[in-house]
Amino acid sequence: KAGVTQTPRYLIKTRGQQVTLSCSPISGHRSVSWYQQTPGQGLQFLFEYFSETQRNKGNFPGRFSGRQFSNSRSEMNVSTLELGDSALYLCASSLEEPNIQYFGAGTRLSVL
Amino acid sequence: QKEVEQNSGPLSVPEGAIASLNCTYSDRVSQSFFWYRQYSGKSPELIMSIYSNGDKEDGRFTAQLNKASQYVSLLIRDSQPSDSATYLCAVNIRGTGRRALTFGSGTRLQVQP
């Protein structure tokens with residue numbers, strides 16, 4: 001069974017631009033969670049989607065948004081990028097509840 | 001007080017020794033606890049899950065949960081240099097009604113050959 005797939009693996013953007021990251025969960029998994037990981041803040045929860053609905057949201061500004069499609073694939077979008085958005089963005093999938101989560105390889109975003 | 005706390009380390013142990021990693025959490029109603037291992041530059045990898053008080057063993061790894069004292073620990077027996085990584089404790093914090101795992105900041109383990 002294929003694991004969680006995140007694309008792209010690396011991104012370089014400049015301040016003010018926007019970016020879209022993609023996540024394909026493990027087949028059969030319907031819950032997709034997104035996290036931001038930085039050296040200073042560790043793993044921070046962004047949001048969680050289930051059946052195309054955002055069930056939960058962390059403490060991030062509205063510039064961070066996401067969505068989930070009917071096939072459980074998910075995208076997250078960051079608008080008006082800031083230097084502080086440079087981080088590893090991780091997607092994790094689980095069956096229904098975000099308990100046992102499996103992570104993708106991540107997308108490393110650098111904002112210049 | 002952070003919801004999930006871990007000593008950042010580094011915790012240095014010699015090869016073959018037992019490494020003991022600890023984690024405390026703030027929410028008394030939390031039910032689900034997880035240990036992830038993260039190598040430098042890689043994504044977290046699930047090692048263990050534990051839901052009931054007591055010990056749970058899987059190979060060289062043993063997770064211990066004490067809900068009364070609100071701590072969960074991970075023991076790694078016969079530590080190998082390949083175990084050198086950051087270990088993340090994750091808790092499903094139920095008290096806030098939030099459907100998400102809350103992660104500690106991680107403990108960096110170094111196993112000296």
# chains A, B, ... in the order shown; residues from 1 in each chain; ligands from 1
>>> interface_residues(of="chain B", to="chain A", cutoff="7 Å", atoms="only C-alpha atoms", output="list in words")
Lys42, Ser43, Pro44, Glu45, Leu46, Asn92, Arg98, Arg99, Ala100, Leu101, Phe103 and Ser105 of chain B
>>> residues_around(residues="Pro61 in chain A", least_positions_apart="2", cutoff="12 Å", atoms="only C-alpha atoms", output="PyMOL selection string")
chain A and resi 46-47+57-59+63-65+77-82+85
>>> atom_distance(atom1="CA of Cys23 in chain B", atom2="CA of Ala87 in chain A")
24.7 Å
>>> atom_distance(atom1="CA of Gln70 in chain B", atom2="CA of Asp58 in chain B")
21.8 Å
>>> residues_around(residues="range 7-19 of chain B", least_positions_apart="3", cutoff="12 Å", atoms="only C-alpha atoms", output="PyMOL selection string")
(chain A and resi 39-40+42) or (chain B and resi 4+22-24+60-63+73-89+104-113)
>>> atom_distance(atom1="CA of Gln36 in chain A", atom2="CA of Ser86 in chain A")
9.3 Å
